[in-house]
Amino acid sequence: MSPFRSLDALHEACTSLTAADPSSIAMLVRQDAQLTKPAGSLGRLEDIVKWFGAWRPLAIARAEICLFAGNHGVLAQGVSAWPASVTEAMIRNFRQGGAAINQLAREVDAGLRVVELASLTPSADMTLAPALTEAEFLHAVSTGYDSVSPQCDLLALGEMGVGNTTAAAALAAALFGGDGQTWAGRGAGLDDAGVQRKANAIDRALSRHGRDHSPLALARHYGGWELAALLGATLAARHYRIPVLLDGFVVTAAVAPLALLDPTALDHTMLGHCSHEQGHRHLAARLGLTPLLDLSLRLGEGSGAALAIPLVRAALACHNGMARFDDLAIDDQNNRPIKS
């Protein structure tokens, strides 16, 4: 049964969020101070522990990577170097184990799930009409929501959809200002003329639909199938108190409407990496997200989020496995026993 039958119901779910547990964070800070290391010496690994522990016990029995795939009508505007048929071909590749994300999922010990939206029926061309009708948008968000298992301990999100960097750029422009030139990047290999067509398409969409809508309405007008599903999955993870690793530009844009509905809405997320796609670093900064990795990736598929999973595992392992000062005869520089 679809969890969201109306935009009002979805809006309520987006603004009725469980909060991080401050008592758990305080306990983790106290425990960290007892570990056999100088304070702060593990840098962002310590931040990861506090982030994860605010939502879930410090153990990862089940890590999952969930990819959402969809097609985009805006391809008719020449915004991609690839045809829509590549989306279907890549889904077959995922299911046959031949893509980069399959190798990464195996190496980081994470399950991989691929969710195909609307049987790959393209969204509407956003330069001519809203990308999704209200019913389509609610269905896509609900599909994403239902794709998240409450038993998951760490969720990494990714996407596949030829043309979806155009949707992400248009949505970012609608949410945060700027025009097509501000946000349009090369995607999966556009030349200069292609980037200009992409920017022009974004500007035409902005002219048609404008920005004077709620964040959810902007997601419906500009996003498309897999972006709506990513929003739903991130919302479900918050309700289930599951930490989430976000992938690149498309995923970040897809979840951005949540942050405009509630400034704490992305507190259960971390940004796995900074994409090489134009606009991602700027979008991340607008959302207060600092990437864990910066490897010039622009593949999508959840690759950057997947690569961050071992960092989370390593952070938890250090916190859980290190000895404490009370366990060892360690003195400070004045030969006084160090007390916790």
# chains A, B, ... in the order shown; residues from 1 in each chain; ligands from 1
>>> residues_around(residues="Leu230 of chain A", least_positions_apart="6", cutoff="12 Å", atoms="only C-alpha atoms", output="ChimeraX atom specification")
/A:65-70,115-117,137,140-148,155-160,168,219,223-224,236-237,244-247,250-258,302
>>> residues_around(residues="Ala306 of chain A", least_positions_apart="5", cutoff="12 Å", atoms="only C-alpha atoms", output="PyMOL selection string")
chain A and resi 63-67+100-112+154-158+244-248+270-273+292-293+300-301+311-313
>>> closest_residue(among="A:Thr121, A:Leu295, A:Pro3, A:Ala284", to="Ala233 of chain A", atoms="only C-alpha atoms")
A:Pro3
>>> closest_atom_pairs(of="segment 275-321 of chain A", to="segment 181-201 of chain A", cutoff="6 Å", atoms="only C-alpha atoms", output="JSON lines")
{"residue": "A:Glu277", "atom": "CA", "partner": "A:Gly185", "partner_atom": "CA", "distance": 5.8}
{"residue": "A:Gln278", "atom": "CA", "partner": "A:Gly185", "partner_atom": "CA", "distance": 4.7}
{"residue": "A:Gly279", "atom": "CA", "partner": "A:Trp183", "partner_atom": "CA", "distance": 5.2}
>>> write_last_selection(atoms="N, CA, C and O atoms", output="PDB file, in the first residue's frame")
ATOM      1  N   GLU A 277      30.975  16.770 -11.111  1.00  0.00           N
ATOM      2  CA  GLU A 277      29.955  17.501 -11.860  1.00  0.00           C
ATOM      3  C   GLU A 277      29.847  18.945 -11.376  1.00  0.00           C
ATOM      4  O   GLU A 277      29.821  19.210 -10.162  1.00  0.00           O
ATOM      5  N   GLN A 278      29.777  19.866 -12.321  1.00  0.00           N
ATOM      6  CA  GLN A 278      29.632  21.274 -11.960  1.00  0.00           C
ATOM      7  C   GLN A 278      28.407  21.461 -11.078  1.00  0.00           C
ATOM      8  O   GLN A 278      27.354  20.932 -11.326  1.00  0.00           O
ATOM      9  N   GLY A 279      28.568  22.227 -10.052  1.00  0.00           N
ATOM     10  CA  GLY A 279      27.451  22.567  -9.198  1.00  0.00           C
ATOM     11  C   GLY A 279      27.355  21.744  -7.933  1.00  0.00           C
ATOM     12  O   GLY A 279      26.722  22.184  -6.971  1.00  0.00           O
TER      13      GLY A 279
END
>>> residues_around(residues="Leu17 of chain A", least_positions_apart="3", cutoff="12 Å", atoms="only C-alpha atoms", output="list in words")
Leu10, His11, Glu12, Ala13, Cys14, Ala20, Thr234, Leu235, Ala236, Ala237, Arg238, His239, Tyr240, Arg241, Leu258, Ala259, Leu261, Asp262, Pro263, Thr264, Ala265, Leu266, Asp267 and His268 of chain A
>>> residues_around(residues="Thr133 of chain A", least_positions_apart="2", cutoff="12 Å", atoms="only C-alpha atoms", output="VMD selection string")
chain A and resid 7 123 to 126 129 to 131 135 to 140 217 to 225 228
>>> write_last_selection(atoms="N, CA, C and O atoms", output="mmCIF file, in the first residue's frame")
data_model
loop_
_atom_site.group_PDB
_atom_site.id
_atom_site.type_symbol
_atom_site.label_atom_id
_atom_site.label_comp_id
_atom_site.auth_asym_id
_atom_site.auth_seq_id
_atom_site.Cartn_x
_atom_site.Cartn_y
_atom_site.Cartn_z
ATOM 1 N N LEU A 7 -0.298 15.037 -1.409
ATOM 2 C CA LEU A 7 0.843 15.889 -1.091
ATOM 3 C C LEU A 7 0.794 16.362 0.350
ATOM 4 O O LEU A 7 1.836 16.551 0.984
ATOM 5 N N SER A 123 9.804 10.558 -17.829
ATOM 6 C CA SER A 123 9.042 11.687 -17.302
ATOM 7 C C SER A 123 8.722 12.636 -18.453
ATOM 8 O O SER A 123 9.258 12.500 -19.558
ATOM 9 N N ALA A 124 7.846 13.587 -18.205
ATOM 10 C CA ALA A 124 7.544 14.582 -19.227
ATOM 11 C C ALA A 124 8.750 15.488 -19.459
ATOM 12 O O ALA A 124 9.619 15.633 -18.589
ATOM 13 N N ASP A 125 8.818 16.068 -20.619
ATOM 14 C CA ASP A 125 9.854 17.058 -20.936
ATOM 15 C C ASP A 125 9.570 18.316 -20.115
ATOM 16 O O ASP A 125 8.583 19.003 -20.325
ATOM 17 N N MET A 126 10.450 18.596 -19.167
ATOM 18 C CA MET A 126 10.204 19.701 -18.234
ATOM 19 C C MET A 126 10.151 21.060 -18.919
ATOM 20 O O MET A 126 9.664 22.027 -18.334
ATOM 21 N N ALA A 129 6.206 20.770 -19.785
ATOM 22 C CA ALA A 129 5.217 20.413 -18.767
ATOM 23 C C ALA A 129 5.962 20.003 -17.508
ATOM 24 O O ALA A 129 7.178 19.740 -17.550
ATOM 25 N N PRO A 130 5.269 19.937 -16.370
ATOM 26 C CA PRO A 130 5.927 19.391 -15.178
ATOM 27 C C PRO A 130 6.469 17.990 -15.454
ATOM 28 O O PRO A 130 5.827 17.192 -16.149
ATOM 29 N N ALA A 131 7.625 17.687 -14.903
ATOM 30 C CA ALA A 131 8.249 16.384 -15.148
ATOM 31 C C ALA A 131 7.323 15.242 -14.753
ATOM 32 O O ALA A 131 7.250 14.222 -15.451
ATOM 33 N N ALA A 135 0.110 12.555 -9.183
ATOM 34 C CA ALA A 135 -0.032 11.120 -8.911
ATOM 35 C C ALA A 135 1.269 10.381 -9.185
ATOM 36 O O ALA A 135 1.661 9.482 -8.414
ATOM 37 N N GLU A 136 1.947 10.733 -10.260
ATOM 38 C CA GLU A 136 3.224 10.088 -10.569
ATOM 39 C C GLU A 136 4.265 10.401 -9.512
ATOM 40 O O GLU A 136 5.037 9.523 -9.094
ATOM 41 N N PHE A 137 4.310 11.648 -9.082
ATOM 42 C CA PHE A 137 5.281 12.050 -8.066
ATOM 43 C C PHE A 137 5.051 11.282 -6.771
ATOM 44 O O PHE A 137 5.992 10.742 -6.179
ATOM 45 N N LEU A 138 3.811 11.202 -6.327
ATOM 46 C CA LEU A 138 3.506 10.486 -5.091
ATOM 47 C C LEU A 138 3.851 9.002 -5.219
ATOM 48 O O LEU A 138 4.357 8.384 -4.279
ATOM 49 N N HIS A 139 3.590 8.435 -6.399
ATOM 50 C CA HIS A 139 3.921 7.030 -6.619
ATOM 51 C C HIS A 139 5.432 6.810 -6.546
ATOM 52 O O HIS A 139 5.902 5.842 -5.925
ATOM 53 N N ALA A 140 6.201 7.694 -7.162
ATOM 54 C CA ALA A 140 7.647 7.538 -7.152
ATOM 55 C C ALA A 140 8.216 7.712 -5.744
ATOM 56 O O ALA A 140 9.076 6.933 -5.312
ATOM 57 N N ALA A 217 6.609 20.655 -4.567
ATOM 58 C CA ALA A 217 6.107 20.967 -5.905
ATOM 59 C C ALA A 217 7.256 21.209 -6.875
ATOM 60 O O ALA A 217 7.190 20.803 -8.047
ATOM 61 N N LEU A 218 8.317 21.851 -6.414
ATOM 62 C CA LEU A 218 9.485 22.045 -7.269
ATOM 63 C C LEU A 218 10.122 20.706 -7.625
ATOM 64 O O LEU A 218 10.541 20.495 -8.769
ATOM 65 N N ALA A 219 10.167 19.788 -6.665
ATOM 66 C CA ALA A 219 10.685 18.450 -6.955
ATOM 67 C C ALA A 219 9.841 17.765 -8.022
ATOM 68 O O ALA A 219 10.373 17.072 -8.899
ATOM 69 N N ARG A 220 8.551 17.950 -7.982
ATOM 70 C CA ARG A 220 7.665 17.341 -8.975
ATOM 71 C C ARG A 220 7.846 17.982 -10.347
ATOM 72 O O ARG A 220 7.880 17.277 -11.366
ATOM 73 N N HIS A 221 7.970 19.285 -10.395
ATOM 74 C CA HIS A 221 8.074 19.983 -11.672
ATOM 75 C C HIS A 221 9.389 19.694 -12.392
ATOM 76 O O HIS A 221 9.419 19.601 -13.622
ATOM 77 N N TYR A 222 10.483 19.593 -11.623
ATOM 78 C CA TYR A 222 11.810 19.547 -12.247
ATOM 79 C C TYR A 222 12.523 18.207 -12.119
ATOM 80 O O TYR A 222 13.443 17.940 -12.899
ATOM 81 N N GLY A 223 12.150 17.363 -11.155
ATOM 82 C CA GLY A 223 13.020 16.236 -10.817
ATOM 83 C C GLY A 223 12.928 15.011 -11.693
ATOM 84 O O GLY A 223 13.878 14.631 -12.359
ATOM 85 N N GLY A 224 11.793 14.365 -11.701
ATOM 86 C CA GLY A 224 11.691 13.104 -12.428
ATOM 87 C C GLY A 224 11.623 11.912 -11.499
ATOM 88 O O GLY A 224 11.697 12.022 -10.269
ATOM 89 N N TRP A 225 11.462 10.738 -12.111
ATOM 90 C CA TRP A 225 11.126 9.523 -11.375
ATOM 91 C C TRP A 225 12.128 9.154 -10.289
ATOM 92 O O TRP A 225 11.774 8.975 -9.118
ATOM 93 N N ALA A 228 12.549 11.613 -7.333
ATOM 94 C CA ALA A 228 11.455 11.535 -6.365
ATOM 95 C C ALA A 228 11.612 10.302 -5.479
ATOM 96 O O ALA A 228 11.363 10.348 -4.266
#
>>> residues_around(residues="segment 39-46 of chain A", least_positions_apart="2", cutoff="8 Å", atoms="only C-alpha atoms", output="PyMOL selection string")
chain A and resi 32-33+37+48-50+311-312+314-315
>>> write_last_selection(atoms="all heavy atoms", output="short mmCIF file (atom, residue, chain, number, x, y, z; two decimals), in the first residue's frame")
data_model
loop_
_atom_site.label_atom_id
_atom_site.label_comp_id
_atom_site.auth_asym_id
_atom_site.auth_seq_id
_atom_site.Cartn_x
_atom_site.Cartn_y
_atom_site.Cartn_z
N ASP A 32 34.69 8.66 23.90
CA ASP A 32 35.81 9.02 23.04
C ASP A 32 36.95 9.61 23.85
O ASP A 32 38.13 9.36 23.56
CB ASP A 32 35.35 10.02 21.97
CG ASP A 32 36.45 10.39 21.02
OD1 ASP A 32 36.71 9.61 20.08
OD2 ASP A 32 37.07 11.45 21.21
N ALA A 33 36.62 10.38 24.88
CA ALA A 33 37.65 11.00 25.71
C ALA A 33 38.45 9.98 26.49
O ALA A 33 39.56 10.28 26.97
CB ALA A 33 37.00 12.00 26.67
N LYS A 37 44.15 7.81 22.71
CA LYS A 37 44.55 8.68 21.62
C LYS A 37 44.40 10.12 22.09
O LYS A 37 43.62 10.41 23.00
CB LYS A 37 43.69 8.46 20.38
CG LYS A 37 42.22 8.78 20.61
CD LYS A 37 41.40 8.60 19.36
CE LYS A 37 39.94 8.98 19.60
NZ LYS A 37 39.77 10.40 19.99
N ILE A 48 32.02 10.90 12.47
CA ILE A 48 31.19 9.82 11.93
C ILE A 48 30.58 9.01 13.06
O ILE A 48 29.40 8.63 13.01
CB ILE A 48 32.03 8.92 11.01
CG1 ILE A 48 32.39 9.68 9.72
CG2 ILE A 48 31.28 7.64 10.66
CD1 ILE A 48 33.38 8.95 8.83
N VAL A 49 31.35 8.73 14.09
CA VAL A 49 30.84 7.95 15.22
C VAL A 49 29.68 8.68 15.88
O VAL A 49 28.62 8.08 16.16
CB VAL A 49 31.96 7.67 16.24
CG1 VAL A 49 31.39 7.09 17.53
CG2 VAL A 49 33.00 6.73 15.64
N LYS A 50 29.84 9.96 16.14
CA LYS A 50 28.76 10.73 16.77
C LYS A 50 27.54 10.79 15.88
O LYS A 50 26.39 10.68 16.35
CB LYS A 50 29.25 12.12 17.13
CG LYS A 50 30.23 12.15 18.29
CD LYS A 50 30.66 13.56 18.64
CE LYS A 50 31.61 14.12 17.60
NZ LYS A 50 32.18 15.44 18.02
N LEU A 311 34.76 3.74 5.41
CA LEU A 311 35.12 4.78 6.37
C LEU A 311 34.22 4.71 7.60
O LEU A 311 34.68 4.87 8.74
CB LEU A 311 35.01 6.15 5.72
CG LEU A 311 36.08 6.54 4.71
CD1 LEU A 311 35.80 7.94 4.17
CD2 LEU A 311 37.47 6.49 5.35
N VAL A 312 32.93 4.50 7.37
CA VAL A 312 32.01 4.39 8.50
C VAL A 312 32.35 3.15 9.33
O VAL A 312 32.41 3.20 10.56
CB VAL A 312 30.56 4.35 8.01
CG1 VAL A 312 29.61 4.22 9.20
CG2 VAL A 312 30.22 5.61 7.21
N ALA A 314 35.23 1.71 9.60
CA ALA A 314 36.50 1.95 10.29
C ALA A 314 36.30 2.84 11.51
O ALA A 314 36.90 2.61 12.57
CB ALA A 314 37.50 2.57 9.32
N ALA A 315 35.47 3.87 11.37
CA ALA A 315 35.23 4.78 12.49
C ALA A 315 34.60 4.03 13.66
O ALA A 315 35.02 4.19 14.82
CB ALA A 315 34.32 5.92 12.04
#
>>> closest_residue(among="A:Ser296, A:Ser214, A:Gln96, A:Thr290", to="Leu260 of chain A", atoms="only C-alpha atoms")
A:Ser214
>>> decode(residues="segment 77-104 of chain A", atoms="C-alpha atoms", output="CSV table (one decimal), in the first residue's frame")
chain,number,residue,atom,x,y,z
A,77,GLN,CA,16.2,18.8,-26.0
A,78,GLY,CA,19.7,17.2,-26.7
A,79,VAL,CA,20.9,17.5,-23.1
A,80,SER,CA,22.8,14.2,-23.1
A,81,ALA,CA,25.5,12.5,-25.1
A,82,TRP,CA,23.7,9.2,-24.7
A,83,PRO,CA,20.3,7.9,-25.7
A,84,ALA,CA,17.6,6.8,-23.2
A,85,SER,CA,18.2,3.2,-24.1
A,86,VAL,CA,21.5,3.3,-22.1
A,87,THR,CA,19.4,3.4,-18.9
A,88,GLU,CA,17.9,0.0,-19.6
A,89,ALA,CA,21.2,-1.4,-20.8
A,90,MET,CA,22.9,-0.3,-17.5
A,91,ILE,CA,20.1,-1.9,-15.4
A,92,ARG,CA,20.8,-5.2,-17.2
A,93,ASN,CA,24.5,-4.6,-16.4
A,94,PHE,CA,23.8,-4.0,-12.7
A,95,ARG,CA,21.7,-7.2,-12.5
A,96,GLN,CA,24.3,-9.2,-14.3
A,97,GLY,CA,27.1,-7.9,-12.0
A,98,GLY,CA,29.1,-6.1,-14.6
A,99,ALA,CA,29.0,-2.5,-13.5
A,100,ALA,CA,31.4,-0.6,-11.2
A,101,ILE,CA,28.9,-0.5,-8.4
A,102,ASN,CA,28.7,-4.3,-8.4
A,103,GLN,CA,32.4,-4.6,-7.8
A,104,LEU,CA,32.3,-1.9,-5.1
